[in-house]
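Novice: One structure, pasted below without further comment.
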Amino acid sequence: MRKLLTGNSAAAWGARLSDVDYLPVFPITPQTEIIETLAEWVDKGELNARLTTLESEHSMLTAAGAAAATGVRVFTATSSQGLLYAMEMLYNVAGWRVPLVLVNVSRGLSAPITLEPDHNDILAARDSGFLQLHCATCQEVLDSVVLAYRLAEDKRVRLPVLVNLDGFYLSFTREPVEIPSQEQVRAFLPPFDPGSNRFRGGEPVSQAVAVLGGGPYSYFRYQAHLAALEAVQAFDELGEKFGECFGRSFPAIEAYRCEDAEILFVMIGSFATKAREAVDRLRDDGQKIGLLRPRLLRPFPAEELARLLSGKAGVAVVDQNLSNGLGGILHAELSAALYHLPKRPLLVSFIGGLGGRDITAGEFYAMVGQVRQAVAKGQPPPPRLLFTEQELKGMRGLQNIASGKGASHDA
Amino acid sequence: MYRIRFHGRGGQGIKTASRILGTALFIEGFEVQDAPRYGAERRGAPIFAYVRADTHPIHERGVIHRPDLVVVADETLLAISPAQVLEGVTDSCVVLIYSAKPEAWWRQQLPDIAQIVVLVPLESLSVAIPVGALCAGAAAALLGKVSAEALAHAVEEELSAHDAAMVESNRKAILAAYMEVTPWRGLVCSSLPLGVAQTPPPVWVNVPHDAVDIGAPVIHAGATSGLVKTGLWRTRRPVIDRERCRRCLQCCAWCPEGGILAGADGWPVIDYEHCKGCLVCAAQCPFQAIGVIPETQAEGGADAQTADRK
């Protein structure tokens, strides 16, 4: 069935089709529609799962991890401040090595407060031990949730997975989504086999034991790291299987018109579809431009990125995030992944789309121009915040009002 | 690609309008993307929603800057510059305005707009239908790619959570609006994206490192909210009936905006520049001394509100 669905609705469908058992939930904009949709299905008897409202995201994730430890399939969702509030438990749940799927609907972090998206929330969780999938379309949201269960429950991996979609640009945006049948999904995603995950009243286990002295701690932390690395291979296999089952391929990195490309965009999330559009226009203009978009960000597909970028002239790395005092996070990670290459491309760092700020077609073209200049010079310019003269003028107007100096209201 | 932007106010059914049109186009075989855009959600606040439709998968995303059709469900928005109703309107773009005023009047008001179509309020409607829905019907006709059957199906699908009588009254009204603009059927043309050479480059600036006094998100000035005329959000107006009012001033205490003040003579005075029309005062008045009238029927009507905006 092909239907118009919002990204939020697609996430709920992904959970429903994955036969989830338990849904601990807590609302937050722009995620709430996901849990409202699931609650309605549970209420109508269309989804046979237990839904519980918790009093915070911290409790929500504790309940999610504890339930997953008993061997049931768990789904939950949050956003932004909620993800940060749950952060202590993100590290814990990953340390327990229990599989579950947590959807994050990206929204810029406070302060100042906003509702619109960027990736600082999800990237704050990048070292938590959760694996991370990043979506660019509503279809990918549904597909990623289903695939995430298969990946999380794979015995080589057995780690929780975060699936990220952008607030507004996906969460409230409807696009055509192919909703697979329950049978199709069951053929891809077998019932959850919890293996050694058994936490029963009559069969107590000590979950997450205390370890002192550093040795055992190092061992366990490194085990979780090795499992995450293993997930690169597992993702490739499962992505291929996904393609066979659903007719939609799912490589860890989307490579769009890259084969003969000289300059490429590298970015994650829904703004990458804007880059795809820009690539098409630049190709119409005779320019050899492509796009690389990692779907899988943890584990970081470093080897595959290196393979795809070796020998290319230049890259515009577009970070919809900002690590204060460093710059773009993707830029730093990509630099590290390419450092050893004898024929590495020149990387130019752009920070854009913070707090949902649009990135226009003209800006994509201008980024390519900057990379070209940098390649000719053999030296990258300083990182560039995508911010226009007009925006700065608007800020000055607001600052006048805020300071009490003026009441100009053109901002 | 067709790019359509709907402008209206929270509560007028603008999101539903975009969905009805989106679903109708999807039924007709188009690839579709539709979305609403609002900040802190509130009745009466300006909102917009947009629809893209194409014969190919759509990669564009977010706000439409170069529309082919702009639908104005609330004419009072045209006078508010932050609502940016006419942003990106070119000579090839059609502007549809829901208004009782004739097209000639609008041509005079908006001399720079090449193509204006006015959807007049339909007298024949027996029940109140959200303005947004009527606009969706008219927009579908202007595109010329949506059959009446597809539109009717879209209405049924989008309103399926409501009772049958409501769906039926909406379906009738939307189809009436669809027929109303028949002379302009197919007036809206799809447009190609601009090429690289035709796209103006951005004028980026290096953001300076400002002193923390202004570089931190802190407002030092008091009561800046007074600068924003939230009275423009109002669709219904509370009016104090001096025959019934006992000057107890409970309304002053209840008003969540601090928008009712005690006058020197002890009568409560509503600050219509800032009253958002939430009508808490009318509900709370112990003497039922606060009546409610539609903004368009207020003294001077919506014109007075429009004049305020200028």
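Letters for chains follow the order of the structure tokens (A, B, ...), residue numbers begin at 1 for each chain, and ligand numbers begin at 1 in the order shown.
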Residues near A:Gly82, anyone? I mean within 12 Å using only C-alpha atoms, not counting same-chain ones fewer than 6 positions away, as a PyMOL selection string.
Specialist: chain A and resi 25-32+55-61+76+88-90+102-110+121-122+124-125
Novice: May I have the selected residues written with C-alpha atoms, as a short mmCIF file (atom, residue, chain, number, x, y, z; two decimals), in the first residue's frame?
Specialist:
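The result, written out as again_17.cif:
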```
data_model
loop_
_atom_site.label_atom_id
_atom_site.label_comp_id
_atom_site.auth_asym_id
_atom_site.auth_seq_id
_atom_site.Cartn_x
_atom_site.Cartn_y
_atom_site.Cartn_z
CA VAL A 25 6.46 6.78 26.13
CA PHE A 26 6.78 10.45 27.00
CA PRO A 27 5.68 13.34 24.75
CA ILE A 28 7.82 16.12 23.30
CA THR A 29 7.47 18.32 20.20
CA PRO A 30 8.05 17.41 17.38
CA GLN A 31 7.92 13.72 18.26
CA THR A 32 4.54 13.43 20.01
CA GLU A 55 6.98 10.62 34.07
CA SER A 56 10.18 11.54 32.22
CA GLU A 57 12.46 10.49 29.38
CA HIS A 58 14.95 9.19 31.92
CA SER A 59 12.33 6.80 33.32
CA MET A 60 11.09 6.04 29.84
CA LEU A 61 14.47 4.80 28.71
CA THR A 76 10.20 4.32 22.06
CA GLU A 88 22.49 8.76 31.49
CA MET A 89 20.30 5.79 30.61
CA LEU A 90 21.44 5.74 26.97
CA LEU A 102 14.72 4.55 19.96
CA VAL A 103 13.56 7.10 17.40
CA ASN A 104 14.88 10.62 17.80
CA VAL A 105 13.16 13.47 16.00
CA SER A 106 15.93 16.03 15.71
CA ARG A 107 15.38 19.47 17.16
CA GLY A 108 17.98 22.12 18.03
CA LEU A 109 19.05 22.18 21.66
CA SER A 110 18.38 24.92 24.18
CA ASP A 121 20.80 16.44 19.88
CA ILE A 122 21.44 13.14 18.12
CA ALA A 124 25.31 14.31 21.66
CA ALA A 125 24.50 10.59 21.79
#
```
Novice: Identify, on the basis of only C-alpha atoms, every residue whose closest approach to A:Arg73 does not exceed 9 Å; exclude the query and any residue fewer than 5 positions from it along the same chain; express the result as a list in words.
Specialist: Ser18, Asp19, Val20, Asp21, Tyr22, Leu23, Ala67, Ala68, Pro99, Leu100, Val101, Tyr149, Pro191 and Phe192 of chain A
Novice: Take the residues that were just selected and, keeping N, CA and C atoms, output them as a compact mmCIF listing (two decimals), in the first residue's frame.
Specialist:
```txt
# COMPACT_ATOMS: atom_id res chain seq x y z
N SER A 18 6.89 -4.03 13.01
CA SER A 18 7.94 -4.82 13.65
C SER A 18 7.41 -5.62 14.84
N ASP A 19 6.09 -5.64 15.00
CA ASP A 19 5.48 -6.45 16.07
C ASP A 19 6.05 -6.10 17.45
N VAL A 20 6.11 -4.82 17.77
CA VAL A 20 6.66 -4.45 19.07
C VAL A 20 5.73 -4.90 20.19
N ASP A 21 6.35 -5.20 21.36
CA ASP A 21 5.57 -5.68 22.51
C ASP A 21 5.32 -4.58 23.53
N TYR A 22 6.31 -3.70 23.69
CA TYR A 22 6.24 -2.75 24.80
C TYR A 22 6.62 -1.35 24.34
N LEU A 23 5.83 -0.36 24.78
CA LEU A 23 6.02 1.02 24.35
C LEU A 23 6.01 1.96 25.56
N ALA A 67 12.81 -3.57 30.05
CA ALA A 67 11.89 -4.47 29.33
C ALA A 67 12.66 -5.27 28.28
N ALA A 68 13.57 -4.60 27.58
CA ALA A 68 14.36 -5.30 26.56
C ALA A 68 15.19 -6.40 27.21
N PRO A 99 18.92 -5.08 23.00
CA PRO A 99 18.49 -4.47 21.74
C PRO A 99 17.14 -3.78 21.89
N LEU A 100 17.04 -2.56 21.42
CA LEU A 100 15.76 -1.87 21.31
C LEU A 100 15.93 -0.77 20.28
N VAL A 101 14.81 -0.18 19.86
CA VAL A 101 14.90 0.91 18.89
C VAL A 101 14.31 2.18 19.51
N TYR A 149 15.66 -3.05 13.99
CA TYR A 149 15.40 -4.20 14.88
C TYR A 149 16.26 -5.39 14.49
N PRO A 191 10.74 -13.35 14.68
CA PRO A 191 10.43 -13.00 16.07
C PRO A 191 11.72 -12.83 16.87
N PHE A 192 11.70 -11.95 17.82
CA PHE A 192 12.87 -11.65 18.64
C PHE A 192 13.31 -12.89 19.41
```
Novice: Taking the DSSP assignment computed from this structure's backbone, write out as number ranges by chain all residues of stretch 113-270 of chain A that belong to alpha helix (DSSP H).
Specialist: A: 120-123, 138-153, 182-188, 215-246
Novice: Find the distance between atom CA of A:Leu322 and atom CA of A:Phe350 and write it in Å to one decimal.
Specialist: 10.1 Å
Novice: Up to 9 Å from chain A, what residues of chain B turn up? Count only C-alpha atoms and give them as a count of residues only.
Specialist: 48
Novice: Any chance you could list, as a list of chain:residue names, the residues in stretch 145-292 of chain B that come up strand (DSSP E) when DSSP is run on the backbone?
Specialist: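 Filtering stretch 145-292 of chain B down to strand (DSSP E) leaves B:Arg236, B:Arg237, B:Pro238, B:Val239, B:Ile240, B:Ile260, B:Leu261, B:Ala262, B:Pro268, B:Val269, B:Ile270, B:Ile290, B:Gly291, B:Val292.
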Novice: Could you give me, as a PyMOL selection string, the residues within 7 Å of B:Leu21, counting only C-alpha atoms and dropping anything in the same chain fewer than 4 positions from it?
Specialist: chain B and resi 17+25+136+140
Novice: Give me the residues within 12 Å of A:Ala231 as a ChimeraX atom specification, counting only C-alpha atoms and dropping any in the same chain fewer than 6 places off.
Specialist: /A:129-133,148,150-161,224-225,237-239,252,296-301
Novice: Output C-alpha atoms of each residue in that selection to a file, as a PDB file, in the first residue's frame.
Specialist:
```pdb
ATOM      1  CA  GLY A 129      27.042   2.984  22.452  1.00  0.00           C
ATOM      2  CA  PHE A 130      23.708   3.206  20.614  1.00  0.00           C
ATOM      3  CA  LEU A 131      24.090   2.598  16.889  1.00  0.00           C
ATOM      4  CA  GLN A 132      22.750   5.436  14.730  1.00  0.00           C
ATOM      5  CA  LEU A 133      20.765   5.442  11.492  1.00  0.00           C
ATOM      6  CA  ALA A 148      17.113  -1.324  13.036  1.00  0.00           C
ATOM      7  CA  ARG A 150      17.108  -6.759  12.696  1.00  0.00           C
ATOM      8  CA  LEU A 151      20.454  -5.053  13.313  1.00  0.00           C
ATOM      9  CA  ALA A 152      19.928  -4.548  17.061  1.00  0.00           C
ATOM     10  CA  GLU A 153      18.856  -8.168  17.568  1.00  0.00           C
ATOM     11  CA  ASP A 154      21.646  -9.673  15.442  1.00  0.00           C
ATOM     12  CA  LYS A 155      23.691 -11.769  17.890  1.00  0.00           C
ATOM     13  CA  ARG A 156      26.952 -10.386  16.483  1.00  0.00           C
ATOM     14  CA  VAL A 157      25.751  -6.934  17.499  1.00  0.00           C
ATOM     15  CA  ARG A 158      23.027  -6.928  20.162  1.00  0.00           C
ATOM     16  CA  LEU A 159      23.067  -3.212  20.819  1.00  0.00           C
ATOM     17  CA  PRO A 160      20.294  -0.610  20.947  1.00  0.00           C
ATOM     18  CA  VAL A 161      19.761   1.534  17.842  1.00  0.00           C
ATOM     19  CA  ALA A 224      30.526  -3.056  23.141  1.00  0.00           C
ATOM     20  CA  HIS A 225      32.880  -1.174  20.798  1.00  0.00           C
ATOM     21  CA  GLU A 237      24.377  -7.965   4.796  1.00  0.00           C
ATOM     22  CA  LEU A 238      21.033  -6.929   6.266  1.00  0.00           C
ATOM     23  CA  GLY A 239      20.787  -4.000   3.869  1.00  0.00           C
ATOM     24  CA  ALA A 252      25.243   2.214   4.603  1.00  0.00           C
ATOM     25  CA  LEU A 296      24.868   4.659   9.177  1.00  0.00           C
ATOM     26  CA  LEU A 297      26.754   7.059  11.428  1.00  0.00           C
ATOM     27  CA  ARG A 298      27.515   4.700  14.317  1.00  0.00           C
ATOM     28  CA  PRO A 299      29.359   2.567  13.596  1.00  0.00           C
ATOM     29  CA  PHE A 300      31.113   5.114  11.367  1.00  0.00           C
ATOM     30  CA  PRO A 301      31.572   3.586   7.896  1.00  0.00           C
TER      31      PRO A 301
END
```
Novice: Report as an MDAnalysis selection string all protein, DNA and RNA residues lying within 9 Å of stretch 316-318 of chain A, evaluated on only C-alpha atoms, omitting residues in the same chain fewer than 3 positions from it.
Specialist: chainID A and resid 263:268 321 328 330:331 334 346:353 367:368 370:371
Novice: Just write the chosen residues, C-alpha atoms, as a PDB file, in the first residue's frame.
Specialist:
```pdb
ATOM      1  CA  ILE A 263      33.575  17.414  -6.060  1.00  0.00           C
ATOM      2  CA  LEU A 264      31.114  15.899  -3.601  1.00  0.00           C
ATOM      3  CA  PHE A 265      28.793  17.004  -0.855  1.00  0.00           C
ATOM      4  CA  VAL A 266      28.936  14.944   2.327  1.00  0.00           C
ATOM      5  CA  MET A 267      26.015  15.375   4.694  1.00  0.00           C
ATOM      6  CA  ILE A 268      23.416  13.472   6.704  1.00  0.00           C
ATOM      7  CA  ASN A 321      25.612  20.722  13.945  1.00  0.00           C
ATOM      8  CA  GLY A 328      31.531  20.652  12.382  1.00  0.00           C
ATOM      9  CA  LEU A 330      31.173  15.346  10.434  1.00  0.00           C
ATOM     10  CA  HIS A 331      34.106  17.390   9.137  1.00  0.00           C
ATOM     11  CA  LEU A 334      35.660  12.571   7.943  1.00  0.00           C
ATOM     12  CA  LEU A 346      40.554  18.540   0.076  1.00  0.00           C
ATOM     13  CA  LEU A 347      37.801  19.073   2.667  1.00  0.00           C
ATOM     14  CA  VAL A 348      35.981  22.382   3.086  1.00  0.00           C
ATOM     15  CA  SER A 349      33.824  22.779   6.171  1.00  0.00           C
ATOM     16  CA  PHE A 350      30.373  24.395   6.084  1.00  0.00           C
ATOM     17  CA  ILE A 351      28.044  24.780   9.043  1.00  0.00           C
ATOM     18  CA  GLY A 352      24.454  25.140   7.865  1.00  0.00           C
ATOM     19  CA  GLY A 353      20.868  24.466   8.816  1.00  0.00           C
ATOM     20  CA  MET A 367      29.635  25.853  -1.750  1.00  0.00           C
ATOM     21  CA  VAL A 368      30.811  24.035  -4.872  1.00  0.00           C
ATOM     22  CA  GLN A 370      34.290  27.620  -2.767  1.00  0.00           C
ATOM     23  CA  VAL A 371      35.536  24.036  -2.943  1.00  0.00           C
TER      24      VAL A 371
END
```
Novice: Calculate how many Å separate atom CA of B:Ala138 from atom CA of B:Trp106, rounding to one decimal.
Specialist: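 These two atoms are separated by 17.7 Å.
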Novice: Which residues come within 12 Å of A:Asp260, counting only C-alpha atoms, excluding same-chain residues fewer than 4 positions away, as a ChimeraX atom specification?
Specialist: /A:255-256,264,283,287-291,308-309,311-313
Novice: For B:Ala262, find every residue with an atom within 10 Å (counting only C-alpha atoms), except residues of its own chain fewer than 6 positions away, and show them as a PyMOL selection string.
Specialist: chain B and resi 247-249+251-252+268-270
Novice: Taking N, CA and C atoms for each residue, export the selection above as an mmCIF file, in the first residue's frame.
Specialist:
```
data_model
loop_
_atom_site.group_PDB
_atom_site.id
_atom_site.type_symbol
_atom_site.label_atom_id
_atom_site.label_comp_id
_atom_site.auth_asym_id
_atom_site.auth_seq_id
_atom_site.Cartn_x
_atom_site.Cartn_y
_atom_site.Cartn_z
ATOM 1 N N ARG B 247 -18.267 46.588 36.977
ATOM 2 C CA ARG B 247 -16.912 47.086 37.269
ATOM 3 C C ARG B 247 -16.219 46.273 38.363
ATOM 4 N N CYS B 248 -16.474 44.967 38.377
ATOM 5 C CA CYS B 248 -15.813 44.125 39.385
ATOM 6 C C CYS B 248 -14.349 43.873 39.004
ATOM 7 N N LEU B 249 -14.032 44.075 37.723
ATOM 8 C CA LEU B 249 -12.661 43.969 37.195
ATOM 9 C C LEU B 249 -12.079 42.554 37.266
ATOM 10 N N CYS B 251 -12.374 40.482 34.990
ATOM 11 C CA CYS B 251 -11.845 40.241 33.638
ATOM 12 C C CYS B 251 -10.371 40.664 33.549
ATOM 13 N N CYS B 252 -10.024 41.762 34.238
ATOM 14 C CA CYS B 252 -8.625 42.214 34.241
ATOM 15 C C CYS B 252 -7.727 41.122 34.817
ATOM 16 N N PRO B 268 -13.544 48.594 32.998
ATOM 17 C CA PRO B 268 -12.477 47.839 32.331
ATOM 18 C C PRO B 268 -12.365 48.267 30.863
ATOM 19 N N VAL B 269 -11.128 48.353 30.373
ATOM 20 C CA VAL B 269 -10.898 48.762 28.983
ATOM 21 C C VAL B 269 -10.064 47.683 28.294
ATOM 22 N N ILE B 270 -10.587 47.156 27.200
ATOM 23 C CA ILE B 270 -9.848 46.107 26.486
ATOM 24 C C ILE B 270 -8.843 46.752 25.527
#
```
Novice: Between atom CA of B:Gly258 and atom CA of B:Ala282, what distance in Å does the model show, to one decimal?
Specialist: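 Pair atom CA of B:Gly258 / atom CA of B:Ala282 returns 14.6 Å.
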Novice: Rank A:Arg16, A:Arg293, A:Arg257, A:Lys241 by their smallest atom-to-atom distance to A:Pro180, using only C-alpha atoms, and report the top residue only.
Specialist: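 Answer, going by the shortest atom-to-atom distance: A:Arg16.
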